[in-house]
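Right, one structure below, let's go through it.
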Amino acid sequence: MTEPAARQVALVDLLDRLLAGGVVLTGHLTLAIADVDLVRVDLNALISSTKPAGRPL
């Protein structure tokens, strides 16, 4: 069985593809010592591209 050829994608192309459909980032971080929570950080982000209203640039 042959493996598919490796395909290189530029970072700009990858970001363009992700922003075209939108990206949702979710994260949760808790720092604890001896089962005592000291710091808790939650992250929720929606990143999406927008089209300018009116005439194109």
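By convention here, the chains of the structure tokens are called A, B, ... in the order presented, each chain's residues are numbered starting at 1, and ligands are numbered starting at 1 in the order presented.
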Can you tell me which residues surround Leu43 in chain A at a distance of at most 7 Å, considering only C-alpha atoms, apart from same-chain residues fewer than 6 positions away, and format the answer as a compact mmCIF listing (two decimals) with N, CA, C and O atoms, in the first residue's frame?
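Okay, this is what ended up in result36.txt:
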```
# COMPACT_ATOMS: atom_id res chain seq x y z
N THR A 26 -11.45 26.91 22.50
CA THR A 26 -11.93 26.76 23.86
C THR A 26 -10.80 26.16 24.69
O THR A 26 -10.15 25.21 24.26
N GLY A 27 -10.57 26.73 25.86
CA GLY A 27 -9.51 26.21 26.70
C GLY A 27 -9.84 26.35 28.18
O GLY A 27 -10.65 27.20 28.57
N HIS A 28 -9.24 25.51 28.98
CA HIS A 28 -9.46 25.53 30.43
C HIS A 28 -8.14 25.14 31.09
O HIS A 28 -7.56 24.13 30.74
```
*Please provide as a VMD selection string all residues within 10 Å of range 7-19 of chain A, with the sequence filter that same-chain residues fewer than 5 positions apart are discarded (counting only C-alpha atoms).*
chain A and resid 24 47 to 50
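For the pair CA of Leu29 in chain A and CA of Asn44 in chain A, the separation is 11.9 Å.
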Write out as a PDB file with all heavy atoms, in the first residue's frame which residues come within 8 Å of Val39 in chain A when counting only C-alpha atoms, dropping same-chain ones fewer than 6 positions away.
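Dumped to around03.pdb:
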```
ATOM      1  N   THR A  30      -6.224  24.971  34.984  1.00  0.00           N
ATOM      2  CA  THR A  30      -6.313  25.113  36.437  1.00  0.00           C
ATOM      3  C   THR A  30      -4.968  24.736  37.048  1.00  0.00           C
ATOM      4  O   THR A  30      -4.446  23.652  36.787  1.00  0.00           O
ATOM      5  CB  THR A  30      -7.409  24.195  37.017  1.00  0.00           C
ATOM      6  OG1 THR A  30      -8.656  24.503  36.406  1.00  0.00           O
ATOM      7  CG2 THR A  30      -7.530  24.373  38.515  1.00  0.00           C
ATOM      8  N   LEU A  31      -4.404  25.638  37.842  1.00  0.00           N
ATOM      9  CA  LEU A  31      -3.179  25.357  38.578  1.00  0.00           C
ATOM     10  C   LEU A  31      -3.553  25.029  40.020  1.00  0.00           C
ATOM     11  O   LEU A  31      -4.238  25.808  40.676  1.00  0.00           O
ATOM     12  CB  LEU A  31      -2.238  26.560  38.542  1.00  0.00           C
ATOM     13  CG  LEU A  31      -1.772  27.014  37.163  1.00  0.00           C
ATOM     14  CD1 LEU A  31      -0.913  28.264  37.289  1.00  0.00           C
ATOM     15  CD2 LEU A  31      -0.997  25.915  36.472  1.00  0.00           C
ATOM     16  N   ALA A  32      -3.097  23.878  40.476  1.00  0.00           N
ATOM     17  CA  ALA A  32      -3.466  23.438  41.818  1.00  0.00           C
ATOM     18  C   ALA A  32      -2.260  22.844  42.524  1.00  0.00           C
ATOM     19  O   ALA A  32      -1.362  22.284  41.902  1.00  0.00           O
ATOM     20  CB  ALA A  32      -4.573  22.405  41.752  1.00  0.00           C
TER      21      ALA A  32
END
```
